[in-house]
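Okay, so here's the structure we're looking at.
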Protein chains: 4
Amino acid sequence: MKLNVGLIGLGRLGKVYARDLSSRLAETRLTAVADVNAALAAEVASEFEVPKSYGDPRGLLKDPGVDAVVIVSPTHTHRDVVIAAMDARKPTFCEKPLALSLDECRAMQAAVEKSGTFFQMGFMRRFDPGYAAAKRQIDEGRIGRPVVFKSTSRDPFPPSLEYANPKSSGGILVDMGIHDFDLARWFMGDVKSVAAVGGVLAYPELATVGDIDNAIATLVFADGRLGVIDLTRNGFYGYDIITELLGTEGTVRVGYLRETPVLTMTKNSVSHDTVPYFMERFERAYTLQLRNFAQNVLSERTPPITIRDGVEALRVALAATAACKSRTTVDVSSIE
Amino acid sequence: MKLNVGLIGLGRLGKVYARDLSSRLAETRLTAVADVNAALAAEVASEFEVPKSYGDPRGLLKDPGVDAVVIVSPTHTHRDVVIAAMDARKPTFCEKPLALSLDECRAMQAAVEKSGTFFQMGFMRRFDPGYAAAKRQIDEGRIGRPVVFKSTSRDPFPPSLEYANPKSSGGILVDMGIHDFDLARWFMGDVKSVAAVGGVLAYPELATVGDIDNAIATLVFADGRLGVIDLTRNGFYGYDIITELLGTEGTVRVGYLRETPVLTMTKNSVSHDTVPYFMERFERAYTLQLRNFAQNVLSERTPPITIRDGVEALRVALAATAACKSRTTVDVSSIE
Amino acid sequence: MKLNVGLIGLGRLGKVYARDLSSRLAETRLTAVADVNAALAAEVASEFEVPKSYGDPRGLLKDPGVDAVVIVSPTHTHRDVVIAAMDARKPTFCEKPLALSLDECRAMQAAVEKSGTFFQMGFMRRFDPGYAAAKRQIDEGRIGRPVVFKSTSRDPFPPSLEYANPKSSGGILVDMGIHDFDLARWFMGDVKSVAAVGGVLAYPELATVGDIDNAIATLVFADGRLGVIDLTRNGFYGYDIITELLGTEGTVRVGYLRETPVLTMTKNSVSHDTVPYFMERFERAYTLQLRNFAQNVLSERTPPITIRDGVEALRVALAATAACKSRTTVDVSSIE
Amino acid sequence: MKLNVGLIGLGRLGKVYARDLSSRLAETRLTAVADVNAALAAEVASEFEVPKSYGDPRGLLKDPGVDAVVIVSPTHTHRDVVIAAMDARKPTFCEKPLALSLDECRAMQAAVEKSGTFFQMGFMRRFDPGYAAAKRQIDEGRIGRPVVFKSTSRDPFPPSLEYANPKSSGGILVDMGIHDFDLARWFMGDVKSVAAVGGVLAYPELATVGDIDNAIATLVFADGRLGVIDLTRNGFYGYDIITELLGTEGTVRVGYLRETPVLTMTKNSVSHDTVPYFMERFERAYTLQLRNFAQNVLSERTPPITIRDGVEALRVALAATAACKSRTTVDVSSIE
């Protein structure tokens, strides 16, 4: 049996999901797409042979041929669409970040609780075979007890100023950091306090919209264990994501930089290429994430990543953003 | 415009191709499948929503809804199916090896020439992004003039005795080596002579069907440059494919052994996993190979890998097999 | 011409220096050794065929056969020995850390200034061929402008409780961190403020003497650039030192974990060994450091690492220690 | 107790040995040096503070202050010097290759047997920590039974024409290959037959003296197991030595290419340096080899590498040279 999925939001990632849902996944059938740009919706529907397209997500949510929805529209729209999906009792997958404010989060969380409908938060790194293998090894005790969490995320070039604007992106610690903060919680549990430093060091133009290009946050987890996350928009050499769990009896490190398996050796030098950007690194994780969502809905399993995970990762990111501005340590629980 | 493809042969690789042709490739529509096991053909047709299924390839070849055919049936069937496809004037892709004897090759080659229909030989490694990047770098002169070709192929476990039987597999130097012999020709041109050694060193049971589990062949190319290929069925630790071109000003090496990007560091040891088998290593190459075929047919381009490439790689493999038995150097041109 | 060197302090590192000075370096002759343990001094003198041995550094400092001195006695003795060496006008090399308090530092700094005698601070990592190559590449502009400094130091096992006691070791941020804080200053200049977190996470017994086993410090440099240093005593898998400079046009990373060039591949696993401890990693740096000292004295060059470098690295380490306790950001200039 | 060593031959490697014997090794005292260039001998004696120097090895061999001798004079002199050392009953270490002809070998072997004096053959790779660790792992059974031996040796640039002349060097298969042939015998036992191909592919001027710049040899060991060795003079990118033992349950690979632990990441590229030449790669092996010799003599242990090892490695190299010329398989036992 296949799950009939409606897809809301047809930007860059939306099109990737359209392809996954329409052809890559044996578990799904893409039966409807929606975008506020109705022409785009129609075009995508045609390209992927999707029966229906909508210029308004509400239309899609009323479509009885839609069993479940995948929401990948812009972050600021998540609140309304998620609440509407919960009202329509459609099992829902929502891409990260859940929102940019905790007020929005609370509204969505209330809707999910009231409706009792299945809701799965999207944090694709948890489905990357590398991260999944690391989690398995740690759960099996291979490194003893993990005591320090380290994560590095590097984008190879800065976003457009429009995108970078913290009003829409949340700023680097939300926009890029949300993945690392979620990983931190996944591997180590809740975060008690955060401190952070940051600055505009490589791309002065980012200052004009109020964003920074480098940030480093230290974390103290609820039980006193430690974490550190560093983010940069000047990865320049390539897209580089590294996460490490240091344990009492060993370490697990996830990350690689080579795109093709080619080593070129010339005079006194050995070199290889790098991963260009996130889709080359995590394409499979995105696909596996959607498959997991479909399987969960079809098998009536509980979601592995809940709306609370979305809320709490945001809370840590907001605490880090506040700490970076004030140069003080911020209790995560103080962020409301 | 999409190419309507008929797929002949639905074994392990056939099913992979069915998925690629039916959903992964924007350029193709899988309109018919055929297998001598008609029930299997019907089942695969149902799974991938293919309009038609046939218990006999001849049926598929007469189907006017089929624009082009992909042949991945057992090697011993290639001759008849290819000749029939050429008679039916269907543009054809044929999986390697072309055949196990040069007699069969000649019959197919005659049919291709007489028909004048598009025929593309399948050697998927040429479409692997790693091998393609290596070729590009060499063509750009990054290592000067390549003078030595080295290639290693290791399977992680032995095939079944039924599969290994040289009567159907051609023996290790044909079955495994055909890829390396094709790469040798692609990178360095025609091969003049071959010498080889081999033996049953790890899996004594292979001797009962007349195969060996390890072989090493040295090549002298037409212009005097050198090559060496080593093959083993006891890769044991994982699937390991390495090719290197040593040039006058550098070297290019293609190959990797890590499956997931996880390093595990425990007491005095750093370790990572390995690539399990060929599909994990070359899945993308298979897909890219079929896309290339479809694009070539749609755009009326000439095939990048011709039937002659299939014939000549086999001739070298047969020369190596003869050299391994006789422990003498064998002129490739003497194999007819 | 050879420099006649007197060596003060014959502990673990002292013996390594005795061998370097007596036989490995063409530039030096080891003419005297001193240790408060006179029997040990005599024994070392005999082993390395050193003409004279002293039970009191003062004796050695008066020896007219001694052209220059290398001080590697315990940190708490540095002040008196350095001041005496300056009084005796012997060109001096002093091992890190300079001292554990800024009061001691000031006393030594005054003596150096008053005497005007050559004084070189020991921070051996600057002489490691890896670090030296990284510095060269950065100075040549290969990564643009470095904007973030990252450094990780991991010891493979905890020190004895006696050693770890912050009263003699200074605590983890001084004892281990001093190297990283010096590197931070070498690559990026003076540090403006520090924040830090830390804890006893792996070896509870360290709490009994007041030390911690893990710490992470973030740095803001005088010009606003950023840094992060993480230290652990539970490297467990091996001795692991990694430093990275992230620049606007690339990155340089120094560090490796493999001791012997052996890869062992067994079922689904590739593994190699790790560097056991600091001498295996930095033996050559220690030797090169002493050679540089001898050459500087012989050629009357100014010291590449001055007493101010020793003082300022300590100041940052003390600021980090204070920040770790108070969980506040500490201005480095406030530490006096 | 120290061994008083006399050193014969003061070329490039002779000077390295002079330093090792005079200062690096606790077990030895360098008491005499000899070279047919008496001025050079005097100069080296002065530099390393060696009591005596000789313009004729015979003088050194009569010196009662010399307990044992290390012979590193040109290969063509080995026969006379070794025979004289055996007559003088001096325990002897002789650098590889033993000789360039089996006739010379036989004369030396007879002298060793008649004299009964300790004789140790020099094959330094066996003392490299990497090769030693590989041997240990194999002996412990970590890869099951090794069935294929592979070895690659690459020099970064061609030798002078004078050096390369096969009359003095033996040609590439003796000059470079002797190390690999010795490793082959060490890991796998005696070699039954050899085949080889080779050519002048990168440096045409080598043809003028009768040498080639690339060669590939396949080996069949006495028990039917297999080996392959490839040699090149156009390593160009660096000095690259790789040896691999493929076993029934895994593989051990020895080799590395990185000189300093620095990774430089720039636009779409990660690169590191390479090992310049043999001394950077094997300096420690040379030192450990001499230490082992001294310890063996001092402790009256039997030599781990005998004159037979020297003879048999040469026999295989000569068989390979003959096979390369004739393009036939050559039985090693046929070379006399």
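Chains: A, B, ... in order of the structure tokens. Residues: from 1 per chain. Ligands: from 1, in order shown.
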
Per-residue nearest contacts of chain C to chain B (10 Å; only C-alpha atoms) as a Markdown table:
```
| residue | atom | partner | partner_atom | distance |
| --- | --- | --- | --- | --- |
| C:Pro156 | CA | B:Lys267 | CA | 9.0 |
| C:Gly235 | CA | B:Lys267 | CA | 9.2 |
| C:Phe236 | CA | B:Lys267 | CA | 6.0 |
| C:Tyr237 | CA | B:Lys267 | CA | 4.1 |
| C:Gly238 | CA | B:Asn268 | CA | 5.6 |
| C:Tyr239 | CA | B:Asn268 | CA | 9.1 |
| C:Leu257 | CA | B:Val270 | CA | 8.1 |
| C:Arg258 | CA | B:Val270 | CA | 8.2 |
| C:Glu259 | CA | B:Asn268 | CA | 9.4 |
| C:Leu263 | CA | B:Ser271 | CA | 9.4 |
| C:Thr264 | CA | B:Ser271 | CA | 9.1 |
| C:Met265 | CA | B:Tyr237 | CA | 5.7 |
| C:Thr266 | CA | B:Tyr237 | CA | 4.6 |
| C:Lys267 | CA | B:Tyr237 | CA | 4.1 |
| C:Asn268 | CA | B:Tyr237 | CA | 4.9 |
| C:Ser269 | CA | B:Asp273 | CA | 4.5 |
| C:Val270 | CA | B:Ser271 | CA | 5.3 |
| C:Ser271 | CA | B:Ser271 | CA | 4.0 |
| C:His272 | CA | B:Val270 | CA | 5.4 |
| C:Asp273 | CA | B:Ser269 | CA | 4.5 |
| C:Thr274 | CA | B:Asn268 | CA | 5.0 |
| C:Val275 | CA | B:Asn268 | CA | 7.6 |
| C:Pro276 | CA | B:Asn268 | CA | 7.3 |
```

Name the residues in contact with region 174-189 of chain B at a cut-off of 9 Å, using only C-alpha atoms, excluding same-chain residues fewer than 2 positions from it; report them as a ChimeraX atom specification. /B:96-97,100,123-126,135,138,146-155,164,166,169-172,191,219,221-223,225,227,229-233,243,245,309-310,312-314,316-318,320-321

Using N, CA and C atoms, can you write the selected residues to a file as a CSV table (one decimal), in the first residue's frame?
```
chain,number,residue,atom,x,y,z
B,96,LYS,N,27.6,-5.5,-20.3
B,96,LYS,CA,28.9,-6.3,-20.4
B,96,LYS,C,28.7,-7.6,-19.7
B,97,PRO,N,29.5,-8.7,-20.0
B,97,PRO,CA,30.4,-8.7,-21.2
B,97,PRO,C,29.5,-9.0,-22.4
B,100,LEU,N,31.0,-14.5,-24.4
B,100,LEU,CA,32.1,-15.3,-23.9
B,100,LEU,C,33.0,-15.8,-25.0
B,123,PHE,N,29.7,-0.5,-20.1
B,123,PHE,CA,30.8,-0.6,-19.2
B,123,PHE,C,30.6,0.5,-18.2
B,124,MET,N,29.9,0.3,-17.2
B,124,MET,CA,29.4,1.4,-16.3
B,124,MET,C,30.5,2.2,-15.6
B,125,ARG,N,31.7,1.5,-15.4
B,125,ARG,CA,32.7,2.3,-14.7
B,125,ARG,C,33.1,3.6,-15.4
B,126,ARG,N,33.0,3.6,-16.7
B,126,ARG,CA,33.3,4.8,-17.4
B,126,ARG,C,32.4,6.0,-17.1
B,135,LYS,N,39.6,10.6,-16.0
B,135,LYS,CA,39.8,10.7,-17.4
B,135,LYS,C,40.0,12.2,-17.8
B,138,ILE,N,43.3,13.5,-16.9
B,138,ILE,CA,44.4,13.0,-17.7
B,138,ILE,C,44.4,13.7,-19.1
B,146,PRO,N,50.4,9.5,-19.4
B,146,PRO,CA,50.3,8.3,-18.6
B,146,PRO,C,51.1,7.2,-19.2
B,147,VAL,N,51.9,6.5,-18.4
B,147,VAL,CA,52.8,5.5,-18.9
B,147,VAL,C,52.6,4.1,-18.3
B,148,VAL,N,52.0,4.1,-17.1
B,148,VAL,CA,51.6,2.8,-16.5
B,148,VAL,C,50.2,2.8,-16.0
B,149,PHE,N,49.4,1.7,-16.4
B,149,PHE,CA,48.0,1.6,-16.0
B,149,PHE,C,48.0,0.5,-14.9
B,150,LYS,N,47.4,0.8,-13.8
B,150,LYS,CA,47.3,-0.3,-12.7
B,150,LYS,C,45.9,-0.4,-12.3
B,151,SER,N,45.4,-1.6,-12.1
B,151,SER,CA,44.0,-1.7,-11.7
B,151,SER,C,43.8,-2.9,-10.8
B,152,THR,N,43.1,-2.7,-9.7
B,152,THR,CA,42.8,-3.8,-8.8
B,152,THR,C,41.3,-4.0,-8.6
B,153,SER,N,40.8,-5.2,-8.7
B,153,SER,CA,39.4,-5.4,-8.4
B,153,SER,C,39.3,-6.5,-7.4
B,154,ARG,N,38.6,-6.3,-6.4
B,154,ARG,CA,38.4,-7.3,-5.3
B,154,ARG,C,36.9,-7.5,-4.9
B,155,ASP,N,36.5,-8.7,-5.1
B,155,ASP,CA,35.1,-9.0,-4.6
B,155,ASP,C,35.2,-9.5,-3.2
B,164,ALA,N,30.4,-19.2,-10.8
B,164,ALA,CA,31.8,-19.1,-11.1
B,164,ALA,C,32.2,-20.0,-12.3
B,166,PRO,N,33.5,-21.4,-15.3
B,166,PRO,CA,33.9,-20.6,-16.5
B,166,PRO,C,33.1,-20.8,-17.7
B,169,SER,N,30.6,-18.0,-16.7
B,169,SER,CA,31.2,-16.7,-16.3
B,169,SER,C,32.4,-16.3,-17.1
B,170,GLY,N,33.0,-17.3,-17.8
B,170,GLY,CA,34.2,-17.0,-18.5
B,170,GLY,C,35.4,-17.1,-17.7
B,171,GLY,N,35.2,-17.4,-16.4
B,171,GLY,CA,36.4,-17.4,-15.5
B,171,GLY,C,36.7,-16.0,-15.0
B,172,ILE,N,37.5,-16.0,-13.9
B,172,ILE,CA,37.8,-14.7,-13.2
B,172,ILE,C,38.3,-13.6,-14.1
B,191,VAL,N,45.8,-3.1,-26.6
B,191,VAL,CA,46.8,-4.0,-25.9
B,191,VAL,C,47.5,-4.9,-26.8
B,219,LEU,N,50.2,-6.2,-18.8
B,219,LEU,CA,49.9,-5.8,-20.2
B,219,LEU,C,51.0,-5.0,-20.8
B,221,PHE,N,51.0,-2.4,-23.9
B,221,PHE,CA,50.1,-1.7,-24.9
B,221,PHE,C,50.8,-1.6,-26.2
B,222,ALA,N,50.0,-1.2,-27.2
B,222,ALA,CA,50.5,-1.2,-28.6
B,222,ALA,C,51.7,-0.3,-28.8
B,223,ASP,N,51.8,0.7,-28.0
B,223,ASP,CA,52.9,1.7,-28.1
B,223,ASP,C,54.0,1.4,-27.0
B,225,ARG,N,53.7,1.0,-23.8
B,225,ARG,CA,53.5,1.4,-22.4
B,225,ARG,C,53.0,0.1,-21.6
B,227,GLY,N,51.0,-2.1,-18.3
B,227,GLY,CA,49.8,-2.2,-17.4
B,227,GLY,C,49.9,-3.4,-16.5
B,229,ILE,N,47.1,-5.7,-13.9
B,229,ILE,CA,45.7,-5.8,-13.3
B,229,ILE,C,45.8,-7.0,-12.3
B,230,ASP,N,45.3,-6.8,-11.1
B,230,ASP,CA,45.2,-7.9,-10.2
B,230,ASP,C,43.8,-8.1,-9.7
B,231,LEU,N,43.3,-9.3,-9.7
B,231,LEU,CA,41.9,-9.6,-9.4
B,231,LEU,C,41.9,-10.6,-8.2
B,232,THR,N,40.9,-10.5,-7.4
B,232,THR,CA,40.8,-11.5,-6.3
B,232,THR,C,39.3,-11.7,-6.0
B,233,ARG,N,39.0,-12.9,-5.6
B,233,ARG,CA,37.7,-13.1,-5.1
B,233,ARG,C,37.7,-13.1,-3.5
B,243,THR,N,42.0,2.1,-9.3
B,243,THR,CA,42.7,2.2,-10.6
B,243,THR,C,43.6,3.3,-10.6
B,245,LEU,N,46.6,5.7,-12.8
B,245,LEU,CA,47.4,6.0,-14.0
B,245,LEU,C,48.6,6.7,-13.5
B,309,ASP,N,34.5,-1.9,-28.7
B,309,ASP,CA,35.0,-1.9,-27.3
B,309,ASP,C,34.7,-3.2,-26.6
B,310,GLY,N,33.4,-3.6,-26.8
B,310,GLY,CA,33.0,-4.9,-26.1
B,310,GLY,C,33.8,-6.0,-26.7
B,312,GLU,N,36.9,-6.0,-28.1
B,312,GLU,CA,38.3,-5.9,-27.8
B,312,GLU,C,38.6,-6.2,-26.4
B,313,ALA,N,37.8,-5.7,-25.5
B,313,ALA,CA,38.0,-6.0,-24.0
B,313,ALA,C,37.9,-7.5,-23.8
B,314,LEU,N,37.0,-8.2,-24.5
B,314,LEU,CA,36.9,-9.6,-24.4
B,314,LEU,C,38.1,-10.3,-24.9
B,316,VAL,N,41.2,-9.2,-25.0
B,316,VAL,CA,42.3,-9.1,-24.0
B,316,VAL,C,42.0,-10.1,-22.9
B,317,ALA,N,40.8,-10.1,-22.4
B,317,ALA,CA,40.5,-11.0,-21.3
B,317,ALA,C,40.7,-12.5,-21.7
B,318,LEU,N,40.4,-12.8,-22.9
B,318,LEU,CA,40.6,-14.2,-23.4
B,318,LEU,C,42.1,-14.5,-23.5
B,320,ALA,N,44.4,-13.0,-21.7
B,320,ALA,CA,44.9,-13.2,-20.4
B,320,ALA,C,44.6,-14.6,-19.8
B,321,THR,N,43.4,-15.0,-20.1
B,321,THR,CA,43.1,-16.4,-19.7
B,321,THR,C,44.0,-17.4,-20.3
```

Would you mind telling me which residue in B:Ala285, B:Thr329, B:Gly141, B:Arg315 lies nearest to Val252 (chain B) when using only C-alpha atoms?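 Between B:Ala285, B:Thr329, B:Gly141, B:Arg315, the residue approaching Val252 (chain B) most closely is B:Gly141.
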
Taking only C-alpha atoms into account, name the residue in D:Asp20, D:Asp213, D:Glu283, D:Asp331 that is nearest to Leu201 (chain D). D:Asp213

Close residues, region 22-26 of chain A itself excluded, 12 Å, only C-alpha atoms, min 6 positions apart in chain, as a ChimeraX atom specification: /A:1-7,14-16,32-33,44-51,283-284,286-295 /B:19-26,29,47-49

Mind dumping the selected residues with C-alpha atoms as a short mmCIF file (atom, residue, chain, number, x, y, z; two decimals), in the first residue's frame?
```cif
data_model
loop_
_atom_site.label_atom_id
_atom_site.label_comp_id
_atom_site.auth_asym_id
_atom_site.auth_seq_id
_atom_site.Cartn_x
_atom_site.Cartn_y
_atom_site.Cartn_z
CA MET A 1 0.00 0.00 0.00
CA LYS A 2 1.20 3.44 -0.90
CA LEU A 3 0.72 6.67 1.01
CA ASN A 4 -0.90 9.44 -1.02
CA VAL A 5 1.10 12.51 -0.15
CA GLY A 6 0.39 16.20 -0.69
CA LEU A 7 3.43 18.47 -0.88
CA GLY A 14 10.35 21.28 -2.51
CA LYS A 15 11.34 20.10 -5.96
CA VAL A 16 13.74 17.55 -4.51
CA ALA A 32 -1.07 16.88 -5.00
CA VAL A 33 1.30 19.82 -4.84
CA VAL A 44 5.80 20.95 -11.02
CA ALA A 45 2.65 18.87 -11.19
CA SER A 46 3.16 18.50 -14.90
CA GLU A 47 6.84 17.63 -14.61
CA PHE A 48 6.27 14.90 -12.04
CA GLU A 49 2.90 13.76 -13.37
CA VAL A 50 1.07 14.77 -10.19
CA PRO A 51 -2.75 14.62 -10.54
CA GLU A 283 20.71 13.86 -0.67
CA ARG A 284 20.23 10.37 0.66
CA TYR A 286 16.52 13.71 2.69
CA THR A 287 15.15 10.71 0.84
CA LEU A 288 15.47 8.41 3.85
CA GLN A 289 13.74 10.99 6.02
CA LEU A 290 10.68 11.05 3.79
CA ARG A 291 10.64 7.27 3.54
CA ASN A 292 10.71 7.08 7.31
CA PHE A 293 7.79 9.51 7.52
CA ALA A 294 5.76 7.49 5.04
CA GLN A 295 6.52 4.20 6.79
CA ARG B 19 13.70 1.21 -11.25
CA ASP B 20 16.12 3.57 -13.01
CA LEU B 21 14.22 3.49 -16.28
CA SER B 22 10.78 3.76 -14.70
CA SER B 23 11.37 6.49 -12.12
CA ARG B 24 14.89 7.75 -11.62
CA LEU B 25 15.56 9.01 -15.10
CA ALA B 26 13.70 12.00 -16.43
CA ARG B 29 9.68 5.75 -19.69
CA GLU B 47 5.82 -3.36 -9.26
CA PHE B 48 7.08 -0.62 -11.52
CA GLU B 49 3.77 0.12 -13.23
#
```

Quick check for you: according to DSSP on this backbone, which residues of region 4-145 of chain A are classed as alpha helix (DSSP H)? Reply as a PyMOL selection string. chain A and resi 12-19+38-47+57-62+78-87+102-115+129-139

What lies within 9 Å of Tyr256 (chain B) using only C-alpha atoms, ignoring chain neighbours under 4 positions off, as a list in words?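 Skipping anything fewer than 4 positions along the chain leaves Thr260, Pro261 and Val262 of chain A; Asp240, Ile241, Ile242, Thr274, Val275 and Arg281 of chain B.
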
Residues at most 6 Å from region 69-76 of chain D, counting only C-alpha atoms, excluding those fewer than 3 positions away in the same chain, as a PyMOL selection string? chain D and resi 5-9+92-95+99

Taking the DSSP secondary structure from the backbone, can you list the residues of region 248-299 of chain C that are strand (DSSP E), as an NGL selection string? :C and (250-254 or 262-266 or 269-272)

So that I can see what lies close to Ala319 (chain C), please list as a list in words the residues with an atom at most 7 Å from it, counting only C-alpha atoms and leaving out residues fewer than 6 positions away in the same chain.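 Answer for this query is Val194, Val330, Val332 and Ile335 of chain C.
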
Residues as selected, all heavy atoms, written as a CSV table (one decimal), in the first residue's frame, can you do that?
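The resulting file, selection.csv, is reproduced below:
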```csv
chain,number,residue,atom,x,y,z
C,194,VAL,N,38.1,36.0,27.1
C,194,VAL,CA,38.0,34.5,27.1
C,194,VAL,C,36.7,34.1,27.8
C,194,VAL,O,36.4,34.7,28.8
C,194,VAL,CB,39.2,33.9,27.8
C,194,VAL,CG1,39.2,32.4,27.6
C,194,VAL,CG2,40.5,34.4,27.3
C,330,VAL,N,35.8,36.8,30.6
C,330,VAL,CA,36.8,37.5,31.3
C,330,VAL,C,37.7,38.3,30.3
C,330,VAL,O,38.2,37.7,29.3
C,330,VAL,CB,37.7,36.5,32.1
C,330,VAL,CG1,38.9,37.2,32.7
C,330,VAL,CG2,36.8,35.9,33.2
C,332,VAL,N,41.1,39.6,29.2
C,332,VAL,CA,42.4,39.1,29.5
C,332,VAL,C,43.2,40.2,30.2
C,332,VAL,O,44.0,39.9,31.2
C,332,VAL,CB,43.1,38.6,28.2
C,332,VAL,CG1,44.6,38.3,28.5
C,332,VAL,CG2,42.4,37.5,27.6
C,335,ILE,N,43.5,40.3,34.1
C,335,ILE,CA,44.3,39.3,34.9
C,335,ILE,C,45.6,39.9,35.1
C,335,ILE,O,46.4,40.2,34.1
C,335,ILE,CB,44.4,38.0,34.1
C,335,ILE,CG1,43.0,37.4,33.8
C,335,ILE,CG2,45.2,37.0,34.9
C,335,ILE,CD1,42.2,37.0,35.0
```

Excluding Pro204 (chain A) and residues on its chain fewer than 5 positions from it, collect all residues at most 12 Å away from it, counting only C-alpha atoms, and give them as a list of chain:residue names.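 Here the qualifying residues turn out to be A:Pro158, A:Leu161, A:Gly199, A:Val209, A:Gly210, A:Asp211, A:Ile212, A:Asp213, A:Asn214, A:Arg233, A:Asn234, C:Thr248.
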
For CA of Ala68 (chain D) and CA of Val81 (chain D), quote the distance in Å rounded to one decimal. 13.0 Å

Record the distance separating CA of Asp103 (chain D) and CA of Pro304 (chain D), expressed in Å with one decimal. 23.5 Å

Please measure the separation of CA of Leu13 (chain A) and CA of Tyr163 (chain A), giving the value in Å to one decimal.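 Taking CA of Leu13 (chain A) as the start and CA of Tyr163 (chain A) as the end point, the length is 14.8 Å.
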